[in-house]
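S.K.: Provided herewith: data_1.txt, compact mmCIF, C-alpha atoms and all ligand atoms.
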```
# COMPACT_ATOMS: atom_id res chain seq x y z
CA MET A 1 87.85 149.81 -31.52
CA THR A 2 88.73 149.28 -35.20
CA ALA A 3 92.25 148.03 -35.84
CA LEU A 4 94.53 150.23 -37.96
CA LEU A 5 94.86 147.47 -40.56
CA GLU A 6 92.53 144.53 -41.15
CA VAL A 7 93.51 141.91 -43.71
CA GLU A 8 90.94 139.26 -44.55
CA GLY A 9 91.32 136.19 -46.77
CA LEU A 10 94.12 137.63 -48.89
CA VAL A 11 95.04 135.57 -51.97
CA LYS A 12 97.74 136.18 -54.59
CA HIS A 13 98.74 133.57 -57.15
CA PHE A 14 101.43 134.43 -59.71
CA VAL A 15 101.53 132.86 -63.17
CA ALA A 16 104.62 130.66 -63.24
CA ALA A 17 104.30 129.16 -66.73
CA ARG A 18 102.25 129.67 -69.90
CA SER A 19 101.33 127.48 -72.84
CA VAL A 20 102.43 128.39 -76.36
CA PHE A 21 99.08 130.20 -76.67
CA GLY A 22 99.90 132.33 -73.64
CA ARG A 23 97.44 130.60 -71.33
CA PRO A 24 98.62 130.17 -67.71
CA THR A 25 99.57 126.55 -67.07
CA ALA A 26 101.10 126.85 -63.58
CA HIS A 27 100.64 129.23 -60.65
CA VAL A 28 102.76 130.05 -57.61
CA LYS A 29 100.40 130.20 -54.64
CA ALA A 30 102.42 132.95 -52.97
CA VAL A 31 99.66 134.04 -50.58
CA ASP A 32 96.73 131.72 -50.10
CA GLY A 33 94.13 132.97 -47.65
CA VAL A 34 95.93 135.17 -45.15
CA SER A 35 94.09 137.15 -42.45
CA PHE A 36 95.49 139.35 -39.66
CA THR A 37 95.06 142.70 -37.96
CA VAL A 38 97.55 145.34 -36.86
CA GLU A 39 96.67 147.71 -34.02
CA ALA A 40 97.79 151.34 -34.08
CA GLY A 41 101.16 151.75 -32.37
CA LYS A 42 101.84 147.99 -32.27
CA THR A 43 104.09 145.57 -34.15
CA LEU A 44 102.97 142.46 -35.98
CA ALA A 45 105.84 140.22 -37.04
CA LEU A 46 105.42 138.05 -40.15
CA VAL A 47 107.82 135.15 -39.83
CA GLY A 48 108.68 132.18 -42.00
CA GLU A 49 111.19 130.61 -44.35
CA SER A 50 112.25 132.15 -47.64
CA GLY A 51 109.49 132.01 -50.23
CA CYS A 52 106.60 131.61 -47.76
CA GLY A 53 104.99 134.83 -49.02
CA LYS A 54 106.04 137.52 -46.51
CA SER A 55 107.10 140.14 -49.06
CA THR A 56 104.08 139.42 -51.25
CA VAL A 57 101.82 140.15 -48.27
CA SER A 58 103.75 143.40 -47.74
CA ARG A 59 103.34 144.46 -51.37
CA LEU A 60 99.64 143.60 -51.27
CA VAL A 61 99.09 145.64 -48.10
CA LEU A 62 100.77 148.65 -49.73
CA ARG A 63 98.65 148.15 -52.87
CA LEU A 64 101.81 147.83 -54.95
CA ILE A 65 100.17 144.71 -56.39
CA GLU A 66 96.49 143.75 -56.54
CA PRO A 67 95.14 140.73 -54.67
CA ASP A 68 93.23 137.97 -56.49
CA ALA A 69 90.85 137.80 -53.54
CA GLY A 70 90.39 139.13 -50.04
CA SER A 71 90.15 142.57 -48.52
CA ILE A 72 92.50 145.06 -46.87
CA ARG A 73 90.99 147.74 -44.64
CA PHE A 74 93.03 150.65 -43.35
CA GLU A 75 91.35 152.73 -40.63
CA GLY A 76 88.14 150.96 -41.55
CA ARG A 77 88.26 151.84 -45.27
CA ASP A 78 88.55 149.13 -47.92
CA LEU A 79 91.71 149.86 -49.95
CA GLY A 80 90.11 148.23 -52.99
CA THR A 81 87.54 151.02 -53.19
CA LEU A 82 89.83 154.05 -52.79
CA ASP A 83 89.83 156.71 -55.51
CA ALA A 84 93.10 158.29 -56.71
CA ASN A 85 93.12 160.99 -54.01
CA ALA A 86 92.39 158.59 -51.18
CA LEU A 87 95.04 156.20 -52.49
CA ARG A 88 97.57 159.05 -52.50
CA ALA A 89 96.70 159.82 -48.89
CA PHE A 90 97.07 156.12 -48.02
CA ARG A 91 100.53 156.05 -49.65
CA ARG A 92 101.51 158.72 -47.15
CA ASP A 93 100.09 156.76 -44.22
CA ALA A 94 101.84 153.49 -45.09
CA GLN A 95 105.55 153.28 -45.86
CA ILE A 96 108.11 150.51 -46.37
CA ILE A 97 111.72 149.96 -45.40
CA PHE A 98 113.65 147.29 -47.33
CA GLN A 99 116.39 144.87 -46.41
CA ASP A 100 119.13 146.51 -48.45
CA PRO A 101 119.34 150.22 -47.69
CA TYR A 102 121.99 150.71 -50.37
CA ALA A 103 119.79 149.40 -53.16
CA SER A 104 116.78 151.36 -51.91
CA LEU A 105 118.57 154.74 -51.79
CA ASN A 106 119.34 156.53 -55.05
CA PRO A 107 123.17 156.72 -55.19
CA ARG A 108 123.06 159.93 -57.25
CA MET A 109 121.03 161.88 -54.69
CA THR A 110 122.33 163.50 -51.52
CA VAL A 111 120.66 162.66 -48.23
CA SER A 112 119.04 166.07 -48.32
CA GLN A 113 117.53 165.37 -51.76
CA ILE A 114 116.43 161.89 -50.68
CA LEU A 115 114.58 163.29 -47.67
CA THR A 116 113.19 166.36 -49.46
CA GLU A 117 111.66 164.32 -52.28
CA PRO A 118 108.75 162.85 -50.23
CA LEU A 119 108.17 166.22 -48.52
CA ALA A 120 107.75 167.87 -51.93
CA LEU A 121 105.76 164.98 -53.41
CA HIS A 122 103.14 165.15 -50.69
CA ASP A 123 103.44 168.91 -50.32
CA LEU A 124 104.00 168.56 -46.59
CA VAL A 125 106.37 171.37 -45.72
CA PRO A 126 106.80 174.76 -47.46
CA SER A 127 110.07 174.84 -49.41
CA SER A 128 111.50 177.48 -47.04
CA ARG A 129 111.20 175.01 -44.13
CA ARG A 130 112.37 171.84 -45.88
CA ARG A 131 116.02 172.17 -44.90
CA GLU A 132 115.05 172.48 -41.26
CA ARG A 133 112.75 169.46 -41.59
CA VAL A 134 115.54 167.37 -43.13
CA GLU A 135 117.76 168.22 -40.16
CA GLU A 136 114.98 167.28 -37.73
CA LEU A 137 114.54 163.95 -39.50
CA LEU A 138 118.25 163.19 -39.35
CA ARG A 139 118.34 163.96 -35.62
CA LEU A 140 115.27 161.77 -35.11
CA VAL A 141 117.15 158.74 -36.48
CA GLY A 142 120.37 159.53 -34.61
CA LEU A 143 122.35 161.11 -37.46
CA GLU A 144 124.05 164.48 -37.52
CA PRO A 145 122.35 167.20 -39.59
CA ARG A 146 125.64 167.92 -41.40
CA PHE A 147 125.30 164.52 -43.10
CA ALA A 148 122.56 166.01 -45.29
CA ARG A 149 125.06 166.98 -47.99
CA ARG A 150 126.58 163.51 -48.32
CA TYR A 151 125.73 160.66 -50.70
CA PRO A 152 124.57 157.17 -49.63
CA HIS A 153 127.92 155.51 -50.45
CA GLU A 154 129.59 157.69 -47.80
CA PHE A 155 127.72 155.87 -45.02
CA SER A 156 127.94 152.50 -43.28
CA GLY A 157 125.14 149.95 -43.70
CA GLY A 158 123.57 150.89 -40.35
CA GLN A 159 123.70 154.61 -41.17
CA ARG A 160 122.14 153.96 -44.57
CA GLN A 161 119.29 152.07 -42.92
CA ARG A 162 118.81 155.09 -40.61
CA ILE A 163 118.50 157.28 -43.73
CA ALA A 164 115.94 154.86 -45.20
CA ILE A 165 114.00 155.06 -41.92
CA ALA A 166 114.20 158.89 -42.01
CA ARG A 167 112.84 158.87 -45.56
CA ALA A 168 109.91 156.68 -44.45
CA LEU A 169 109.26 159.01 -41.50
CA ALA A 170 109.35 162.15 -43.67
CA VAL A 171 105.67 161.73 -44.61
CA GLU A 172 104.59 161.09 -41.00
CA PRO A 173 103.17 157.61 -41.63
CA LYS A 174 100.96 155.57 -39.31
CA LEU A 175 102.21 152.20 -40.53
CA ILE A 176 105.69 151.15 -41.66
CA ILE A 177 106.35 147.77 -43.23
CA CYS A 178 109.88 146.72 -42.33
CA ASP A 179 110.86 143.97 -44.79
CA GLU A 180 113.89 142.23 -43.24
CA PRO A 181 115.27 145.64 -42.14
CA VAL A 182 118.25 144.26 -40.24
CA SER A 183 119.06 141.05 -42.13
CA ALA A 184 121.76 142.71 -44.25
CA LEU A 185 123.41 144.41 -41.27
CA ASP A 186 126.25 143.28 -39.02
CA VAL A 187 125.00 141.61 -35.87
CA SER A 188 126.54 144.44 -33.80
CA ILE A 189 124.45 147.05 -35.66
CA ARG A 190 121.19 145.09 -35.65
CA SER A 191 120.24 145.86 -32.07
CA GLN A 192 120.91 149.58 -32.61
CA ILE A 193 118.47 149.69 -35.51
CA LEU A 194 115.92 147.58 -33.63
CA ASN A 195 116.21 149.92 -30.63
CA LEU A 196 115.78 152.91 -32.93
CA LEU A 197 112.63 151.39 -34.45
CA ARG A 198 111.22 150.68 -30.99
CA ASP A 199 112.09 154.15 -29.75
CA LEU A 200 110.45 155.76 -32.79
CA GLN A 201 107.38 153.62 -32.25
CA ASP A 202 107.06 154.85 -28.66
CA ARG A 203 107.62 158.48 -29.60
CA LEU A 204 105.53 158.63 -32.76
CA GLY A 205 102.88 155.94 -32.14
CA LEU A 206 103.86 154.03 -35.28
CA ALA A 207 102.54 150.59 -36.18
CA TYR A 208 104.93 148.13 -37.83
CA ILE A 209 104.59 145.00 -39.88
CA PHE A 210 107.99 143.49 -39.24
CA VAL A 211 108.93 140.87 -41.81
CA SER A 212 111.67 138.44 -40.88
CA HIS A 213 112.82 134.86 -41.28
CA ASP A 214 114.55 135.15 -37.91
CA LEU A 215 112.53 134.67 -34.72
CA ALA A 216 115.47 135.81 -32.61
CA VAL A 217 115.17 139.28 -34.15
CA VAL A 218 111.40 139.29 -33.93
CA LYS A 219 111.51 138.52 -30.22
CA HIS A 220 112.91 141.99 -29.55
CA ILE A 221 110.27 143.96 -31.37
CA ALA A 222 106.99 142.12 -31.89
CA ASP A 223 103.76 142.55 -29.95
CA ARG A 224 102.10 139.90 -32.07
CA VAL A 225 103.54 137.22 -34.33
CA ALA A 226 102.11 135.43 -37.38
CA VAL A 227 104.10 132.39 -38.52
CA MET A 228 103.76 131.72 -42.26
CA ASN A 229 104.35 128.52 -44.20
CA LEU A 230 103.82 128.26 -47.97
CA GLY A 231 101.43 131.17 -48.32
CA THR A 232 99.35 130.54 -45.20
CA ILE A 233 99.49 131.52 -41.53
CA VAL A 234 99.98 128.41 -39.40
CA GLU A 235 100.08 130.09 -36.00
CA THR A 236 99.40 133.57 -34.64
CA ALA A 237 99.48 134.84 -31.09
CA ASP A 238 100.72 137.62 -28.84
CA ALA A 239 104.51 137.48 -28.98
CA GLN A 240 104.87 136.54 -25.32
CA ALA A 241 102.43 133.64 -25.68
CA LEU A 242 104.00 132.38 -28.88
CA PHE A 243 107.54 132.45 -27.52
CA ALA A 244 106.47 130.87 -24.23
CA VAL A 245 104.12 128.23 -25.64
CA PRO A 246 104.55 127.69 -29.39
CA LYS A 247 101.89 125.20 -30.49
CA HIS A 248 102.47 124.46 -34.16
CA PRO A 249 105.29 121.98 -34.91
CA TYR A 250 106.65 124.41 -37.54
CA SER A 251 106.80 127.31 -35.03
CA ARG A 252 108.58 125.03 -32.59
CA ALA A 253 111.17 124.16 -35.23
CA LEU A 254 111.73 127.84 -36.04
CA LEU A 255 112.02 128.69 -32.36
CA SER A 256 114.54 125.96 -31.76
CA ALA A 257 116.85 127.73 -34.24
CA ILE A 258 117.19 130.73 -31.90
CA PRO A 259 120.63 130.67 -30.27
CA VAL A 260 120.51 130.27 -26.49
CA PRO A 261 122.00 133.38 -24.85
CA LYS A 262 123.47 131.59 -21.81
CA PRO A 263 126.94 130.23 -22.62
CA LYS A 264 126.42 126.94 -20.81
CA ALA A 265 122.83 126.31 -21.82
CA LYS A 266 122.51 123.94 -24.71
CA ARG A 267 119.70 123.63 -27.18
CA SER A 268 119.68 121.33 -30.17
CA ARG A 269 117.96 122.67 -33.21
CA ILE A 270 114.87 120.86 -34.34
CA VAL A 271 115.87 119.48 -37.69
CA LEU A 272 113.01 119.33 -40.15
CA GLN A 273 112.72 116.21 -42.25
CA GLY A 274 112.11 116.34 -45.98
CA GLU A 275 112.46 118.90 -48.73
CA MET A 276 110.67 122.21 -48.31
CA PRO A 277 107.76 121.88 -50.75
CA SER A 278 107.35 124.52 -53.44
CA ALA A 279 104.66 127.19 -53.46
CA LEU A 280 104.24 126.15 -57.10
CA ASN A 281 102.80 122.86 -56.01
CA PRO A 282 102.00 122.90 -52.30
CA PRO A 283 101.16 119.50 -50.81
CA PRO A 284 97.47 118.71 -50.28
CA GLY A 285 96.06 118.76 -46.77
CA CYS A 286 98.38 120.38 -44.25
CA ARG A 287 101.15 122.11 -46.22
CA PHE A 288 103.62 121.14 -43.50
CA HIS A 289 102.81 117.42 -43.60
CA THR A 290 105.86 116.41 -45.66
CA ARG A 291 108.13 117.70 -42.88
CA CYS A 292 106.07 117.13 -39.74
CA PRO A 293 107.00 114.30 -37.34
CA TYR A 294 103.41 114.14 -36.10
CA VAL A 295 101.78 113.59 -39.48
CA ILE A 296 98.77 111.26 -39.61
CA GLU A 297 96.55 110.27 -42.54
CA ARG A 298 94.11 113.11 -41.91
CA CYS A 299 96.93 115.67 -42.33
CA ARG A 300 97.59 114.46 -45.88
CA ALA A 301 93.97 114.89 -46.94
CA GLU A 302 92.43 117.76 -44.97
CA GLU A 303 93.79 121.28 -44.69
CA PRO A 304 93.72 122.40 -41.04
CA GLN A 305 91.93 125.67 -40.29
CA LEU A 306 93.51 128.42 -38.19
CA LEU A 307 91.53 127.98 -34.96
CA SER A 308 91.78 130.20 -31.91
CA ASP A 309 91.95 128.79 -28.39
CA GLY A 310 89.79 131.68 -27.19
CA THR A 311 92.73 133.80 -26.00
CA GLY A 312 93.79 135.07 -29.44
CA HIS A 313 96.29 132.23 -29.89
CA ALA A 314 95.35 130.50 -33.14
CA THR A 315 96.94 127.38 -34.64
CA ALA A 316 96.37 125.50 -37.90
CA CYS A 317 97.10 121.92 -36.89
CA HIS A 318 94.77 118.92 -36.58
CA ARG A 319 96.71 117.66 -33.58
CA THR A 320 97.17 120.80 -31.49
CA ALA A 321 95.35 119.29 -28.53
CA GLU A 322 97.29 116.00 -28.65
CA LEU A 323 100.84 117.31 -28.99
CA PRO A 324 103.11 117.41 -25.94
CA ALA A 325 102.55 120.42 -23.68
CA PRO A 326 104.19 123.38 -25.42
CA GLU A 327 105.74 124.75 -22.21
CA ALA A 328 107.56 121.46 -21.87
CA ILE A 329 108.95 121.77 -25.37
CA ILE A 330 110.84 125.04 -25.22
CA PRO A 331 111.41 125.99 -21.60
CA LEU A 332 111.66 129.72 -20.93
CA ASP A 333 115.12 129.41 -19.36
CA GLY A 334 116.48 127.95 -22.58
CA GLY A 335 117.25 124.61 -20.90
CA PHE A 336 116.16 121.20 -22.11
CA SER A 337 113.29 119.07 -20.92
CA PRO A 338 112.95 115.35 -21.63
CA THR A 339 110.01 116.17 -23.90
CA LEU A 340 112.15 118.52 -25.94
CA GLU A 341 114.83 115.85 -26.21
CA LYS A 342 112.17 113.49 -27.60
CA LEU A 343 110.93 116.07 -30.08
CA VAL A 344 114.45 116.88 -31.18
CA ALA A 345 115.04 113.18 -31.72
CA ALA A 346 111.84 112.98 -33.75
CA PHE A 347 112.90 115.85 -35.99
CA SER A 348 116.59 114.93 -36.12
CA GLY A 349 118.44 112.03 -37.56
CA GLY A 350 121.45 113.60 -39.27
CA THR A 351 121.73 116.79 -41.25
CA GLU A 352 122.74 117.16 -44.85
CA GLY A 353 122.16 120.82 -45.52
CA ALA A 354 120.98 124.03 -44.01
CA GLY A 355 117.58 125.48 -44.74
CA LEU A 356 117.08 129.14 -45.50
CA ALA A 357 115.46 130.08 -42.24
CA GLY A 358 118.18 128.54 -40.12
CA VAL A 359 116.09 125.40 -39.99
CA ASP A 360 118.08 122.52 -41.30
CA ILE A 361 116.52 120.35 -43.93
CA ILE A 362 117.34 116.72 -44.43
CA LYS A 363 116.06 114.01 -46.73
CA ALA A 364 112.58 112.65 -46.11
CA ARG A 365 111.99 109.58 -44.01
CA PRO A 366 108.69 107.94 -43.12
CA ALA A 367 107.30 109.93 -40.24
CA ALA A 368 104.54 108.91 -37.90
CA LEU A 369 103.82 109.39 -34.24
N1 LIG B 401 106.26 138.66 -59.31
C1 LIG B 401 106.32 137.35 -59.08
N2 LIG B 401 106.12 136.46 -60.08
C2 LIG B 401 106.15 135.13 -59.85
N3 LIG B 401 106.38 134.59 -58.65
C3 LIG B 401 106.59 135.41 -57.62
C4 LIG B 401 106.58 136.84 -57.78
N4 LIG B 401 106.83 137.42 -56.55
C5 LIG B 401 106.99 136.39 -55.69
N5 LIG B 401 106.85 135.19 -56.32
C6 LIG B 401 106.92 133.86 -55.69
O1 LIG B 401 106.01 133.86 -54.62
C7 LIG B 401 106.52 133.13 -53.52
C8 LIG B 401 106.57 134.04 -52.30
O2 LIG B 401 107.57 135.04 -52.52
P1 LIG B 401 107.90 136.17 -51.45
O3 LIG B 401 108.92 137.06 -52.05
O4 LIG B 401 106.65 136.78 -50.98
O5 LIG B 401 108.53 135.30 -50.26
P2 LIG B 401 109.29 135.79 -48.94
O6 LIG B 401 108.65 135.05 -47.81
O7 LIG B 401 109.32 137.27 -48.86
O8 LIG B 401 110.76 135.20 -49.17
P3 LIG B 401 112.20 135.82 -48.74
O9 LIG B 401 112.33 135.50 -47.26
O10 LIG B 401 113.16 135.03 -49.56
O11 LIG B 401 112.19 137.28 -49.03
C9 LIG B 401 107.89 132.62 -53.94
O12 LIG B 401 107.73 131.30 -54.40
C10 LIG B 401 108.27 133.55 -55.06
O13 LIG B 401 109.12 132.90 -55.98
S1 LIG B 402 100.28 117.25 -37.04
FE1 LIG B 402 99.34 117.24 -39.08
S2 LIG B 402 98.17 119.12 -39.19
FE2 LIG B 402 99.59 119.34 -37.49
S3 LIG B 402 101.36 120.37 -38.39
FE3 LIG B 402 101.77 118.18 -38.45
S4 LIG B 402 101.08 117.52 -40.46
FE4 LIG B 402 100.18 119.55 -40.08
MG MG B 403 110.89 138.69 -48.88
```
Please express the file's structure as structure tokens.
Ligand SMILES: Nc1ncnc2c1ncn2[C@@H]1O[C@H](COP(=O)(O)OP(=O)(O)OP(=O)(O)O)[C@@H](O)[C@H]1O
Ligand code: SF4
Ligand SMILES: [Mg+2]
M.R.:
Amino acid sequence: MTALLEVEGLVKHFVAARSVFGRPTAHVKAVDGVSFTVEAGKTLALVGESGCGKSTVSRLVLRLIEPDAGSIRFEGRDLGTLDANALRAFRRDAQIIFQDPYASLNPRMTVSQILTEPLALHDLVPSSRRRERVEELLRLVGLEPRFARRYPHEFSGGQRQRIAIARALAVEPKLIICDEPVSALDVSIRSQILNLLRDLQDRLGLAYIFVSHDLAVVKHIADRVAVMNLGTIVETADAQALFAVPKHPYSRALLSAIPVPKPKAKRSRIVLQGEMPSALNPPPGCRFHTRCPYVIERCRAEEPQLLSDGTGHATACHRTAELPAPEAIIPLDGGFSPTLEKLVAAFSGGTEGAGLAGVDIIKARPAAL
């Protein structure tokens, strides 16, 4: 069966600097050869630190920007070949929800106007039935129909995100890209919105690309996870497999930043060594080599390919087979194994600042296994 979305070899480099003659002199390699699929009704989480290219992938998938290379197929059709009508139909099938629901909702429009706009744009519901449809949409996202007359500033952050979700649902999409949809919300509200998204997925058969820097959030919603580092996917697997047996050292570091739910269980965070390199000038070879405790000479020279183990769990690391058994690294009960202690020691050594993904970053030191 064809996947709903198939992304193959996607590349997007932005011009970062130009000469006095206007010629590009530096490029940000925001997305540099990314491939994944999303099945209908399922959730793929894109995870990674700030600047790794998650939002650029989202914009490329929605055709808001054009790729430099690669293909995007939606229901088997190459988006690069769509004519204006087909592109309009695709814009109905694929929607996006942003991190900040206040910024993404027009403050001068009532909720009713916000929700009616897409209905009118795509000519979905006759004008006589639009009011009824707006009320249905509000109920669908757990809001009272009487809220339709209010303005966005009259709502809490969680309620505003519900309105943004209702607006996305108005056109009956098949795919919604959720770009950090709960990062700006209070922790207490996050699970409500995540539950709503899951509930809507079950009821409406929606597929999601769920973008987040936070694996703890992703754990509650993803069927599949792709971990990104500096414009590339370094590991991808079914969510259960990735959380149980993360293989890439970078995924392990991200996972170690998830708080342990049990009050008495302790887990030290894996502290990455070295500065996070820039997408402007990614290191040669493995892009993680400046921060990896397992780095060997080969890692500095040769870029590892994303290779599957035959079960759909793919990792881009030269040393996947040699690293300590993943199940020994992050035990499912959140406890600590001696191997994890060793890995933590390898990554640690004193912190000087916090990284953007909750992964602490400290100054470089020579690292070798
Ligand atoms: N329009 C643009 N022009 C130039 N550089 C850009 C542009 N958009 C993104 N970038 C750069 O591309 C890289 C990837 O950015 P992107 O927004 O995709 O990252 P992200 O993973 O979504 O980060 P965050 O978690 O902070 O949202 C960054 O280095 C960013 O500065
Ligand atoms: S062991 Fe080498 S290839 Fe693997 S993540 Fe570390 S630096 Fe990259
Ligand atoms: Mg982003």
S.K.: Can you list every residue of chain A that has an atom at most 9 Å from ligand LIG 401 (chain B), with its nearest atom pair and the distance in Å to one decimal, using all atoms listed in the file, ordered by chain then number, as CSV?
M.R.:
```
residue,atom,partner,partner_atom,distance
A:Lys12,CA,B:LIG401,O1,8.6
A:His13,CA,B:LIG401,O1,7.7
A:Phe14,CA,B:LIG401,C2,4.8
A:Val15,CA,B:LIG401,C2,6.1
A:Ala16,CA,B:LIG401,C2,5.8
A:His27,CA,B:LIG401,N3,8.1
A:Val28,CA,B:LIG401,O1,5.8
A:Lys29,CA,B:LIG401,O1,6.7
A:Ala30,CA,B:LIG401,O1,4.1
A:Val31,CA,B:LIG401,C8,7.1
A:Leu46,CA,B:LIG401,O6,8.8
A:Val47,CA,B:LIG401,O6,8.0
A:Gly48,CA,B:LIG401,O6,6.5
A:Glu49,CA,B:LIG401,O9,5.8
A:Ser50,CA,B:LIG401,O9,3.4
A:Gly51,CA,B:LIG401,O5,3.4
A:Cys52,CA,B:LIG401,O6,4.0
A:Gly53,CA,B:LIG401,O4,3.2
A:Lys54,CA,B:LIG401,O6,3.8
A:Ser55,CA,B:LIG401,O7,3.6
A:Thr56,CA,B:LIG401,O4,3.7
A:Val57,CA,B:LIG401,O4,6.5
A:Ser58,CA,B:LIG401,O4,7.9
A:Arg59,CA,B:LIG401,O4,8.4
A:Asp179,CA,B:LIG401,O7,8.0
A:Glu180,CA,B:LIG401,O11,7.8
A:Val211,CA,B:LIG401,O7,7.9
A:Ser212,CA,B:LIG401,O9,7.1
A:His213,CA,B:LIG401,O9,6.0
A:Met228,CA,B:LIG401,O6,8.1
A:Asn229,CA,B:LIG401,O6,8.6
A:Leu230,CA,B:LIG401,C8,7.7
A:Gly231,CA,B:LIG401,C8,7.1
A:Ser278,CA,B:LIG401,O12,6.9
A:Ala279,CA,B:LIG401,O12,5.2
A:Leu280,CA,B:LIG401,O12,6.8
A:Leu356,CA,B:LIG401,O9,8.1
A:Ala357,CA,B:LIG401,O9,8.0
```
S.K.: For ligand LIG 402 (chain B), which residue among A:Arg92, A:Lys219, A:His289, A:Arg300 is the nearest when counting only C-alpha atoms and all ligand atoms?
M.R.: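 Of all the options, A:His289 lies closest to ligand LIG 402 (chain B).
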S.K.: Just to confirm, what's the straight-line distance from atom CA of Leu194 of chain A to atom CA of Ile221 of chain A in Å (one decimal)?
M.R.: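 Separation of atom CA of Leu194 of chain A and atom CA of Ile221 of chain A: 7.1 Å.
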S.K.: Using only C-alpha atoms and all ligand atoms for the distances, tell me which of A:Leu255, A:Ile177, A:Cys286, A:Ala164 is nearest to ligand MG 403 (chain B).
M.R.: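 Ranking A:Leu255, A:Ile177, A:Cys286, A:Ala164 by distance to ligand MG 403 (chain B), first place goes to A:Ile177.
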S.K.: Hey, which of A:Glu172, A:Asp186, A:Asp238, A:Glu322 ends up closest to Gln95 of chain A? Count all atoms listed in the file.
M.R.: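 The closest residue to Gln95 of chain A is A:Glu172.
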S.K.: I'd like the interatomic distance between atom CA of Ile97 of chain A and atom CA of Leu44 of chain A, to a tenth of an Å.
M.R.: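 Pair atom CA of Ile97 of chain A / atom CA of Leu44 of chain A returns 14.9 Å.
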S.K.: Just want the residues within 8 Å of ligand LIG 402 (chain B), written as a PyMOL selection string, counting only C-alpha atoms and all ligand atoms.
M.R.: chain A and resi 248-250+285-296+298-300+303-304+316-320
S.K.: Counting all atoms listed in the file, note down every residue that has an atom within 7 Å of the point (105.9, 153.5, -43.3) (file coordinates), as JSON, numbers by chain.
M.R.: {"A": [93, 94, 95, 96, 168, 169, 173, 174, 175, 176, 177]}
S.K.: At a cut-off of 12 Å around the point (120.4, 155.9, -50.0) (file coordinates), what residues fall inside when counting all atoms listed in the file? I'd like the answer as a compact mmCIF listing (two decimals) with C-alpha atoms, in the coordinates of the input.
M.R.:
```
# COMPACT_ATOMS: atom_id res chain seq x y z
CA ILE A 97 111.72 149.96 -45.40
CA PHE A 98 113.65 147.29 -47.33
CA ASP A 100 119.13 146.51 -48.45
CA PRO A 101 119.34 150.22 -47.69
CA TYR A 102 121.99 150.71 -50.37
CA ALA A 103 119.79 149.40 -53.16
CA SER A 104 116.78 151.36 -51.91
CA LEU A 105 118.57 154.74 -51.79
CA ASN A 106 119.34 156.53 -55.05
CA PRO A 107 123.17 156.72 -55.19
CA ARG A 108 123.06 159.93 -57.25
CA MET A 109 121.03 161.88 -54.69
CA THR A 110 122.33 163.50 -51.52
CA VAL A 111 120.66 162.66 -48.23
CA SER A 112 119.04 166.07 -48.32
CA GLN A 113 117.53 165.37 -51.76
CA ILE A 114 116.43 161.89 -50.68
CA LEU A 115 114.58 163.29 -47.67
CA ALA A 148 122.56 166.01 -45.29
CA ARG A 150 126.58 163.51 -48.32
CA TYR A 151 125.73 160.66 -50.70
CA PRO A 152 124.57 157.17 -49.63
CA HIS A 153 127.92 155.51 -50.45
CA GLU A 154 129.59 157.69 -47.80
CA PHE A 155 127.72 155.87 -45.02
CA SER A 156 127.94 152.50 -43.28
CA GLY A 157 125.14 149.95 -43.70
CA GLY A 158 123.57 150.89 -40.35
CA GLN A 159 123.70 154.61 -41.17
CA ARG A 160 122.14 153.96 -44.57
CA GLN A 161 119.29 152.07 -42.92
CA ARG A 162 118.81 155.09 -40.61
CA ILE A 163 118.50 157.28 -43.73
CA ALA A 164 115.94 154.86 -45.20
CA ILE A 165 114.00 155.06 -41.92
CA ALA A 166 114.20 158.89 -42.01
CA ARG A 167 112.84 158.87 -45.56
CA ALA A 168 109.91 156.68 -44.45
```
S.K.: Let me make sure I understand: among A:His220, A:Leu137, A:Pro118, A:Tyr208, which one has the smallest atom-to-atom distance to Ser191 of chain A if we use all atoms listed in the file?
M.R.: A:His220
S.K.: Each side padded by 5 Å, which centre and which edge lengths in Å (one decimal) define the axis-aligned box around the listed atoms of segment 124-142 of chain A? Give them as lines of an AutoDock Vina configuration file.
M.R.:
```
center_x = 112.2
center_y = 168.1
center_z = -42.0
size_x = 26.4
size_y = 28.7
size_z = 24.8
```
